[in-house]
Amino acid sequence: MRILLHGWETSHRMGVPEICDAMKSIVTKMGHEYVPNESKVICAEAIGFLGYDNLTDDFARATVKEIEEKVSKEDIDLILTAYAAPYAAWSKEREGFLVKRGYELPVPIEHISTFLYKNLDRLKFRPLEMKVLMHDGCTLGRKMRVVEEPRKVLEKIPKLEYVNFDHPELYVKERNLKPWDISACPGGWLDFSIPELMPYVAANVIREYALPRGVDTIVTTCGNGYHAFKAGVKHGNFNIKAMAYPNLIDLALEGVE
């Protein structure tokens, strides 16, 4: 299978190329070939989430055209992303918001967690003696309800322990909330508006919700969230690590059986 890695430009722009490195490594270990999606088109999904409807349509059409050309030229079978927004926008399986607007990509798109989950029976992991805090990206967890998939993959890693966010609102029984409904956002979106504020917000989330749980690492399914947590760890000088979901998986993944 030839896989187009979506979010390449985003990861490098935000200074987190390690996400790209992990995605390349995972795909290679699973026996597939990868093609970096070095896109020249502004993300239609980001513009759409911000509410600019007229621009959303323009960029969506441009994205479809660009992807169609790459699929044809590179013989692409699948698009894979570590970011929630493109998956939430373009997933036909999950009825993404751009799909509902009438736009479709020529091949399926998967988030890294859903892709791994669908191949879970084939994956071979080495033990990781770590205790991690599982952080659900807002779009992936709250909006798309992709919550079982990333956890089931983590549960297959020997000796790895994960805990969920513990938030007071969980105990308001009438609301029937789950951990992914209230995973505090570290403010990755602030990078687009008030970047100076992002490290303060992320550091506060770490201080309030991660440090009391006694974990080694915060792992998040949100690429933007990882960017923020990484800044928060540095700002607060905390003795804790932040990892993007694919980086943790790559650390444990040996290959496929």
# chains A, B, ... in the order shown; residues from 1 in each chain; ligands from 1
$ residues_around --residues "Pro150 of chain A" --least-positions-apart "2" --cutoff "10 Å" --atoms "only C-alpha atoms" --output "ChimeraX atom specification"
/A:111-117,134,136,146-148,152-155,220-221,245,249
$ select_by_dssp --residues "segment 11-216 of chain A" --states "alpha helix (DSSP H)" --output "PyMOL selection string"
chain A and resi 11-13+18-29+44-49+53-74+84-90+97-100+112-118+148-155+179-182+198-205
$ select_by_dssp --residues "segment 18-207 of chain A" --states "strand (DSSP E)" --output "list in words"
Glu33, Tyr34, Val35, Pro36, Leu78, Ile79, Leu80, Thr81, Ile109, Glu110, His111, Leu123, Lys124, Phe125, Lys131, Val132, Leu133, Met134, His135, Glu161, Tyr162, Val163 and Asn164 of chain A
$ write_last_selection --atoms "C-alpha atoms" --output "CSV table (one decimal), in the first residue's frame"
chain,number,residue,atom,x,y,z
A,33,GLU,CA,5.4,2.9,1.4
A,34,TYR,CA,4.8,6.6,2.2
A,35,VAL,CA,4.7,9.8,0.3
A,36,PRO,CA,4.9,13.1,2.1
A,78,LEU,CA,-4.8,5.8,1.5
A,79,ILE,CA,-4.3,9.2,3.2
A,80,LEU,CA,-3.0,9.0,6.8
A,81,THR,CA,-2.9,11.9,9.3
A,109,ILE,CA,-8.5,9.1,4.9
A,110,GLU,CA,-7.7,7.6,8.3
A,111,HIS,CA,-6.4,9.1,11.6
A,123,LEU,CA,0.7,-5.4,15.2
A,124,LYS,CA,3.6,-6.6,17.3
A,125,PHE,CA,4.8,-4.4,20.3
A,131,LYS,CA,2.5,5.4,33.0
A,132,VAL,CA,0.9,7.8,30.6
A,133,LEU,CA,-2.0,10.3,30.8
A,134,MET,CA,-4.3,9.7,27.8
A,135,HIS,CA,-5.4,13.1,26.3
A,161,GLU,CA,-0.3,1.8,31.9
A,162,TYR,CA,-2.6,4.6,30.9
A,163,VAL,CA,-4.9,6.7,32.9
A,164,ASN,CA,-7.6,9.1,31.8
$ atom_distance --atom1 "atom CA of Pro108 of chain A" --atom2 "atom CA of Asn224 of chain A"
22.4 Å
$ residues_around --residues "Met30 of chain A" --least-positions-apart "6" --cutoff "9 Å" --atoms "only C-alpha atoms" --output "PyMOL selection string"
chain A and resi 122-123+254-256
$ write_last_selection --atoms "C-alpha atoms" --output "mmCIF file, in the first residue's frame"
data_model
loop_
_atom_site.group_PDB
_atom_site.id
_atom_site.type_symbol
_atom_site.label_atom_id
_atom_site.label_comp_id
_atom_site.auth_asym_id
_atom_site.auth_seq_id
_atom_site.Cartn_x
_atom_site.Cartn_y
_atom_site.Cartn_z
ATOM 1 C CA ARG A 122 -1.362 -7.775 13.088
ATOM 2 C CA LEU A 123 0.652 -5.380 15.247
ATOM 3 C CA GLU A 254 8.200 -3.623 16.279
ATOM 4 C CA GLY A 255 6.266 -4.459 13.136
ATOM 5 C CA VAL A 256 3.468 -6.740 12.011
#
$ closest_atom_pairs --of "segment 125-176 of chain A" --to "segment 185-196 of chain A" --cutoff "12 Å" --atoms "only C-alpha atoms" --output "tab-separated table"
residue	atom	partner	partner_atom	distance
A:His135	CA	A:Cys185	CA	8.8
A:Asp136	CA	A:Cys185	CA	8.8
A:Gly137	CA	A:Cys185	CA	7.6
A:Cys138	CA	A:Cys185	CA	7.0
A:Thr139	CA	A:Cys185	CA	10.5
A:Gly141	CA	A:Cys185	CA	11.4
A:Arg142	CA	A:Cys185	CA	11.3
A:Phe165	CA	A:Cys185	CA	11.1
$ residues_around --residues "Cys20 of chain A" --least-positions-apart "5" --cutoff "12 Å" --atoms "only C-alpha atoms" --output "mmCIF file with C-alpha atoms, in the first residue's frame"
data_model
loop_
_atom_site.group_PDB
_atom_site.id
_atom_site.type_symbol
_atom_site.label_atom_id
_atom_site.label_comp_id
_atom_site.auth_asym_id
_atom_site.auth_seq_id
_atom_site.Cartn_x
_atom_site.Cartn_y
_atom_site.Cartn_z
ATOM 1 C CA LEU A 4 0.060 9.816 1.583
ATOM 2 C CA LEU A 5 1.100 11.379 4.896
ATOM 3 C CA HIS A 6 -1.161 14.385 5.491
ATOM 4 C CA GLY A 7 -0.093 17.197 7.833
ATOM 5 C CA TRP A 8 3.513 17.254 6.685
ATOM 6 C CA GLU A 9 3.638 21.025 6.230
ATOM 7 C CA THR A 10 1.738 21.636 9.496
ATOM 8 C CA SER A 11 4.140 19.580 11.592
ATOM 9 C CA HIS A 12 7.202 21.310 10.188
ATOM 10 C CA ARG A 13 5.643 24.774 10.498
ATOM 11 C CA MET A 14 4.860 24.181 14.165
ATOM 12 C CA GLY A 15 8.337 22.870 14.879
ATOM 13 C CA SER A 25 8.496 4.896 10.817
ATOM 14 C CA ILE A 26 5.110 3.349 11.646
ATOM 15 C CA VAL A 27 4.101 3.057 8.007
ATOM 16 C CA TYR A 34 4.844 6.556 2.244
ATOM 17 C CA VAL A 35 4.656 9.767 0.270
ATOM 18 C CA PRO A 36 4.950 13.122 2.140
ATOM 19 C CA ASN A 37 2.036 15.444 1.388
ATOM 20 C CA GLU A 38 3.937 18.680 0.904
ATOM 21 C CA LEU A 80 -3.011 9.034 6.798
ATOM 22 C CA THR A 81 -2.915 11.892 9.298
ATOM 23 C CA ALA A 82 -1.920 12.519 12.911
ATOM 24 C CA TYR A 83 -4.248 15.529 13.049
ATOM 25 C CA ILE A 112 -3.379 7.231 12.808
ATOM 26 C CA GLY A 223 -1.082 17.101 16.811
ATOM 27 C CA ALA A 244 2.166 12.821 20.231
ATOM 28 C CA TYR A 245 0.218 9.584 19.877
ATOM 29 C CA PRO A 246 2.209 8.322 16.861
ATOM 30 C CA ASN A 247 5.513 8.937 18.675
ATOM 31 C CA ASP A 250 6.446 4.146 17.205
#
$ closest_residue --among "A:Lys73, A:Lys24, A:Lys230, A:Arg101" --to "Asp57 of chain A" --atoms "only C-alpha atoms"
A:Arg101
